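K.L.:
Take a look at the following structure, please.
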Amino acid sequence: MDIKQLEYFISIYENKSFTAAARKLNISQQGLSKSIKNLENELGIPLFLRNHNQLQPTASGQLLYTQAVHLTEEWAKTLKLLENAKKENIPFKIGLAASVFGALHIETAIWNFRQNHQELSIQISNETDYDCERKIEDGNLDIAFSMGPFLSKDIQSHLLAEESIYALLPCSHPLAEKERLYICDILEEPLITSDEKNKGYSCLLSDFQGKNAVPHIAFGSSDPQTHLQLVHKGLGISLFPEHWLSLIGAFENLRAIPIADIQKRRIYIIHKKSSPKKALLRQFIKLFL
């Protein structure tokens with residue numbers, strides 16, 4: 001005897017008909033009859049009687065029905081528990097590049113996603129742009145927030161935001177009087193840029209090369225407070241991403257001026273095209289797009 005036989009028996013009992021039960025179960029009447037006959041043989045008792053073309057359960061059939069309903073319900077609960085246990089603490093790995101930290105408010109979205117997926121263990125790691133791309137490709141991250149562009153053909157990217165680059169300099173600097181700056185204005189200036197581990201650095205070099213120019217890079221750091229302190233001390237001009245502007249408030253002697261001919265930086269959410277967690281990824285991405 002197996003659970004499937006009990007489910008067949010319950011359907012016949014409740015529908016009072018082999019024909020109706022077979023139709024509801026989407027199986028042949030012959031197959032259904034054979035299954036119940038095998039069950040009766042195994043139990044050694046008849047379960048149904050036919051009186052004037054009407055199907056009636058025997059006393060043993062009535063007793064079995066009560067127990068069968070209980071057994072099938074308990075089996076369904078057991079399967080559900082096993083399924084939940086299998087899903088419990090599935091890791092969902094999110095990478096956050098330092099170059100975009102602060103540009104996106106992801107905390108609320110991640111919280112909402114976690115509330116809808118209690119079985120997941122959300123793991124967030126701080127990465128470089130290049131590590132985000134590599135770990136997505138290797139399967140060591142499920143999804144990441146990073147600056148583009150991306151070289152891997154197996155990475156799917158979704159544009160989230162664009163931001164301008166500003167020159168952050170002391171108010172006493174001769175360039176501080178201008179409303180906008182160009183690369184030619186800052187060619188001779190000591191520059192404070194992102195470090196080489198982030199794509200902001202390579203994008204910057206590309207922007208200067210497009211003008212047949214080479215930047216004079218004095219310091220490289222992806223920490224906004226380091227940029228603020230170095231500029232405050234007059235040690236250079238920071239190429240400051242737009243999402244850092246909210247941090248300037250405590251430095252009244254500094255001014256941020258947009259650089260007109262440096263391309264906007266593009267921030268993406270990325271994942272592997274062939275990820276086995278596509279359904280989860282779609283739900284997560286919907287929170288941002």
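In the structure tokens, chains take the letters A, B, ... in the order shown, each chain's residues start at 1, and ligands count up from 1 in the order shown.
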Mind running region 197-287 of chain A against region 124-140 of chain A at 10 Å and telling me each contacting residue's nearest atom pair with the distance in Å (one decimal), counting only C-alpha atoms, chain and number ascending, as CSV?
P.N.:
residue,atom,partner,partner_atom,distance
A:Lys197,CA,A:Thr128,CA,6.0
A:Asn198,CA,A:Asp129,CA,5.2
A:Lys199,CA,A:Asp129,CA,6.0
A:Gly200,CA,A:Asp129,CA,8.8
A:Ser222,CA,A:Thr128,CA,9.7
A:Ile270,CA,A:Ile136,CA,7.8
A:His271,CA,A:Ile136,CA,6.0
A:Lys272,CA,A:Ile136,CA,5.9
A:Lys273,CA,A:Glu137,CA,9.1
A:Ser274,CA,A:Glu137,CA,9.5
A:Ser275,CA,A:Gly139,CA,7.8
A:Pro276,CA,A:Gly139,CA,9.8
K.L.:
Would you kindly return, as a ChimeraX atom specification, each protein, DNA or RNA residue with an atom no farther than 8 Å from any atom of region 189-191 of chain A, considering only C-alpha atoms and excluding same-chain residues fewer than 2 positions away?
P.N.:
/A:186-187,193,215-219,235-239
K.L.:
Find the residues around Asp207 (chain A) up to 10 Å (only C-alpha atoms counted), leave out those fewer than 6 positions away in its own chain, and share them as a short mmCIF file (atom, residue, chain, number, x, y, z; two decimals) with all heavy atoms, in the first residue's frame.
P.N.:
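Output (out-v9.cif):
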data_model
loop_
_atom_site.label_atom_id
_atom_site.label_comp_id
_atom_site.auth_asym_id
_atom_site.auth_seq_id
_atom_site.Cartn_x
_atom_site.Cartn_y
_atom_site.Cartn_z
N ILE A 183 38.49 68.96 -18.36
CA ILE A 183 39.74 68.23 -18.12
C ILE A 183 40.95 69.13 -18.32
O ILE A 183 41.92 69.08 -17.55
CB ILE A 183 39.82 66.99 -19.04
CG1 ILE A 183 38.84 65.92 -18.55
CG2 ILE A 183 41.24 66.43 -19.09
CD1 ILE A 183 38.77 64.68 -19.42
N TYR A 201 38.69 54.41 -11.52
CA TYR A 201 40.06 54.76 -11.89
C TYR A 201 40.30 54.55 -13.38
O TYR A 201 40.81 55.43 -14.09
CB TYR A 201 41.04 53.93 -11.06
CG TYR A 201 42.50 54.22 -11.35
CD1 TYR A 201 43.16 55.26 -10.69
CD2 TYR A 201 43.22 53.45 -12.25
CE1 TYR A 201 44.50 55.53 -10.94
CE2 TYR A 201 44.56 53.72 -12.51
CZ TYR A 201 45.19 54.75 -11.85
OH TYR A 201 46.52 55.02 -12.10
N ALA A 213 45.41 63.36 -23.01
CA ALA A 213 46.00 63.93 -21.79
C ALA A 213 46.30 62.82 -20.79
O ALA A 213 45.75 61.72 -20.87
CB ALA A 213 45.05 64.95 -21.18
N VAL A 214 47.20 63.12 -19.87
CA VAL A 214 47.56 62.18 -18.79
C VAL A 214 47.31 62.88 -17.46
O VAL A 214 47.83 63.97 -17.21
CB VAL A 214 49.04 61.76 -18.88
CG1 VAL A 214 49.39 60.83 -17.72
CG2 VAL A 214 49.33 61.08 -20.21
N PRO A 215 46.49 62.27 -16.58
CA PRO A 215 46.20 62.92 -15.30
C PRO A 215 47.40 62.88 -14.36
O PRO A 215 48.18 61.93 -14.36
CB PRO A 215 45.03 62.10 -14.75
CG PRO A 215 45.22 60.74 -15.35
CD PRO A 215 45.77 60.99 -16.72
N ASP A 261 33.32 67.43 -19.19
CA ASP A 261 33.71 66.46 -20.22
C ASP A 261 34.24 65.14 -19.67
O ASP A 261 34.94 64.40 -20.36
CB ASP A 261 34.72 67.09 -21.19
CG ASP A 261 35.92 67.70 -20.48
OD1 ASP A 261 35.90 67.78 -19.25
OD2 ASP A 261 36.87 68.09 -21.18
N ILE A 262 33.92 64.84 -18.41
CA ILE A 262 34.15 63.50 -17.88
C ILE A 262 32.82 62.77 -17.94
O ILE A 262 31.80 63.27 -17.48
CB ILE A 262 34.69 63.55 -16.44
CG1 ILE A 262 36.17 63.97 -16.45
CG2 ILE A 262 34.55 62.20 -15.76
CD1 ILE A 262 36.84 63.93 -15.10
N GLN A 263 32.84 61.58 -18.51
CA GLN A 263 31.60 60.84 -18.70
C GLN A 263 30.94 60.48 -17.37
O GLN A 263 31.63 60.27 -16.36
CB GLN A 263 31.87 59.54 -19.47
CG GLN A 263 32.38 59.75 -20.88
CD GLN A 263 32.58 58.43 -21.59
OE1 GLN A 263 31.69 57.60 -21.65
NE2 GLN A 263 33.77 58.23 -22.12
#
K.L.:
Please indicate the distance in Å from CA of Pro170 (chain A) to CA of Glu252 (chain A), rounded to one decimal place.
P.N.:
9.1 Å
K.L.:
Run DSSP on the backbone and grab whatever in region 113-229 of chain A lands in helix (DSSP H, G or I); send it over as a ChimeraX atom specification.
P.N.:
/A:113-116,129-138,174-177,183-186,199-209,224-229
K.L.:
For those residues, write N, CA, C and O atoms to a file as a short mmCIF file (atom, residue, chain, number, x, y, z; two decimals), in the first residue's frame.
P.N.:
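Listing of result-v5.cif after writing:
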data_model
loop_
_atom_site.label_atom_id
_atom_site.label_comp_id
_atom_site.auth_asym_id
_atom_site.auth_seq_id
_atom_site.Cartn_x
_atom_site.Cartn_y
_atom_site.Cartn_z
N PHE A 113 13.01 41.96 0.85
CA PHE A 113 13.28 40.70 0.17
C PHE A 113 13.46 39.58 1.19
O PHE A 113 12.92 38.47 1.01
N ARG A 114 14.17 39.86 2.26
CA ARG A 114 14.39 38.86 3.32
C ARG A 114 13.09 38.47 4.00
O ARG A 114 12.87 37.30 4.33
N GLN A 115 12.20 39.43 4.21
CA GLN A 115 10.92 39.14 4.85
C GLN A 115 10.09 38.17 4.02
O GLN A 115 9.32 37.37 4.56
N ASN A 116 10.22 38.26 2.70
CA ASN A 116 9.46 37.38 1.81
C ASN A 116 10.15 36.04 1.57
O ASN A 116 9.56 35.16 0.94
N ASP A 129 34.99 46.63 -7.83
CA ASP A 129 34.20 46.43 -9.05
C ASP A 129 34.65 45.17 -9.79
O ASP A 129 33.82 44.38 -10.26
N TYR A 130 35.94 44.99 -9.89
CA TYR A 130 36.48 43.86 -10.64
C TYR A 130 36.18 42.54 -9.94
O TYR A 130 35.89 41.53 -10.59
N ASP A 131 36.23 42.54 -8.60
CA ASP A 131 35.91 41.33 -7.85
C ASP A 131 34.43 40.98 -8.00
O ASP A 131 34.07 39.80 -8.06
N CYS A 132 33.57 42.00 -8.04
CA CYS A 132 32.14 41.75 -8.24
C CYS A 132 31.92 41.00 -9.55
O CYS A 132 31.22 39.98 -9.60
N GLU A 133 32.55 41.49 -10.61
CA GLU A 133 32.39 40.86 -11.92
C GLU A 133 32.96 39.44 -11.92
O GLU A 133 32.31 38.50 -12.41
N ARG A 134 34.13 39.27 -11.34
CA ARG A 134 34.77 37.95 -11.33
C ARG A 134 33.97 36.95 -10.50
O ARG A 134 33.77 35.80 -10.91
N LYS A 135 33.50 37.38 -9.33
CA LYS A 135 32.79 36.46 -8.44
C LYS A 135 31.40 36.12 -8.97
O LYS A 135 30.88 35.03 -8.70
N ILE A 136 30.77 37.05 -9.68
CA ILE A 136 29.50 36.72 -10.35
C ILE A 136 29.75 35.65 -11.40
O ILE A 136 29.02 34.65 -11.51
N GLU A 137 30.80 35.82 -12.18
CA GLU A 137 31.12 34.88 -13.25
C GLU A 137 31.48 33.50 -12.69
O GLU A 137 31.10 32.47 -13.25
N ASP A 138 32.18 33.48 -11.54
CA ASP A 138 32.59 32.21 -10.94
C ASP A 138 31.49 31.56 -10.12
O ASP A 138 31.65 30.42 -9.66
N PRO A 174 42.00 79.08 -7.20
CA PRO A 174 41.61 79.94 -8.33
C PRO A 174 40.49 79.34 -9.19
O PRO A 174 39.68 80.09 -9.75
N LEU A 175 40.40 78.02 -9.29
CA LEU A 175 39.36 77.40 -10.11
C LEU A 175 37.99 77.41 -9.43
O LEU A 175 36.98 77.12 -10.07
N ALA A 176 37.96 77.71 -8.15
CA ALA A 176 36.71 77.63 -7.39
C ALA A 176 35.67 78.65 -7.85
O ALA A 176 34.49 78.53 -7.52
N GLU A 177 36.09 79.64 -8.61
CA GLU A 177 35.15 80.67 -9.07
C GLU A 177 34.34 80.22 -10.28
O GLU A 177 33.33 80.83 -10.63
N ILE A 183 38.49 68.96 -18.36
CA ILE A 183 39.74 68.23 -18.12
C ILE A 183 40.95 69.13 -18.32
O ILE A 183 41.92 69.08 -17.55
N CYS A 184 40.90 70.00 -19.32
CA CYS A 184 42.03 70.89 -19.58
C CYS A 184 42.31 71.82 -18.40
O CYS A 184 43.45 72.28 -18.21
N ASP A 185 41.28 72.11 -17.59
CA ASP A 185 41.45 73.01 -16.43
C ASP A 185 42.25 72.36 -15.32
O ASP A 185 42.88 73.07 -14.51
N ILE A 186 42.22 71.05 -15.23
CA ILE A 186 42.83 70.38 -14.08
C ILE A 186 44.04 69.52 -14.47
O ILE A 186 44.54 68.75 -13.66
N LYS A 199 36.67 50.56 -10.85
CA LYS A 199 36.54 50.95 -12.25
C LYS A 199 36.52 52.46 -12.44
O LYS A 199 36.76 52.94 -13.55
N GLY A 200 36.25 53.21 -11.38
CA GLY A 200 36.30 54.65 -11.49
C GLY A 200 37.67 55.12 -11.94
O GLY A 200 37.79 56.11 -12.68
N TYR A 201 38.69 54.41 -11.52
CA TYR A 201 40.06 54.76 -11.89
C TYR A 201 40.30 54.55 -13.38
O TYR A 201 40.81 55.43 -14.09
N SER A 202 39.94 53.35 -13.89
CA SER A 202 40.15 53.07 -15.31
C SER A 202 39.27 53.95 -16.19
O SER A 202 39.68 54.36 -17.28
N CYS A 203 38.06 54.28 -15.72
CA CYS A 203 37.19 55.18 -16.47
C CYS A 203 37.81 56.57 -16.56
O CYS A 203 37.74 57.24 -17.60
N LEU A 204 38.42 56.99 -15.47
CA LEU A 204 39.08 58.30 -15.45
C LEU A 204 40.22 58.35 -16.46
O LEU A 204 40.34 59.31 -17.23
N LEU A 205 41.06 57.31 -16.46
CA LEU A 205 42.16 57.26 -17.42
C LEU A 205 41.63 57.32 -18.85
O LEU A 205 42.20 58.00 -19.72
N SER A 206 40.54 56.61 -19.08
CA SER A 206 39.94 56.60 -20.42
C SER A 206 39.46 58.00 -20.82
O SER A 206 39.63 58.43 -21.97
N ASP A 207 38.85 58.72 -19.86
CA ASP A 207 38.38 60.08 -20.14
C ASP A 207 39.54 61.00 -20.51
O ASP A 207 39.45 61.80 -21.45
N PHE A 208 40.66 60.90 -19.78
CA PHE A 208 41.82 61.73 -20.07
C PHE A 208 42.47 61.34 -21.40
O PHE A 208 42.88 62.20 -22.18
N GLN A 209 42.56 60.04 -21.65
CA GLN A 209 43.16 59.57 -22.91
C GLN A 209 42.36 60.07 -24.10
O GLN A 209 42.92 60.34 -25.16
N PRO A 224 35.80 58.21 0.95
CA PRO A 224 35.44 59.63 0.78
C PRO A 224 36.04 60.53 1.86
O PRO A 224 36.39 61.68 1.59
N GLN A 225 36.17 60.02 3.08
CA GLN A 225 36.74 60.85 4.16
C GLN A 225 38.21 61.17 3.89
O GLN A 225 38.69 62.26 4.23
N THR A 226 38.91 60.23 3.27
CA THR A 226 40.30 60.49 2.90
C THR A 226 40.36 61.61 1.87
O THR A 226 41.20 62.53 1.96
N HIS A 227 39.48 61.58 0.88
CA HIS A 227 39.42 62.64 -0.13
C HIS A 227 39.16 63.99 0.54
O HIS A 227 39.83 64.99 0.24
N LEU A 228 38.17 64.02 1.43
CA LEU A 228 37.80 65.28 2.09
C LEU A 228 38.97 65.85 2.89
O LEU A 228 39.26 67.06 2.82
N GLN A 229 39.66 65.01 3.63
CA GLN A 229 40.77 65.48 4.45
C GLN A 229 41.94 65.98 3.61
O GLN A 229 42.55 67.01 3.91
#
K.L.:
When distances are computed from only C-alpha atoms, which of A:Met147, A:Ala97, A:Ile90, A:Ile3 shows the smallest separation from Leu120 (chain A)?
P.N.:
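When distances to Leu120 (chain A) are compared using only C-alpha atoms, the smallest one comes from A:Ile90.
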K.L.:
As a PyMOL selection string, which residues of region 1-224 of chain A does DSSP assign to strand (DSSP E)?
P.N.:
chain A and resi 48-51+54-57+90-97+120-127+143-147+155-163+165-170+191-193+217-220
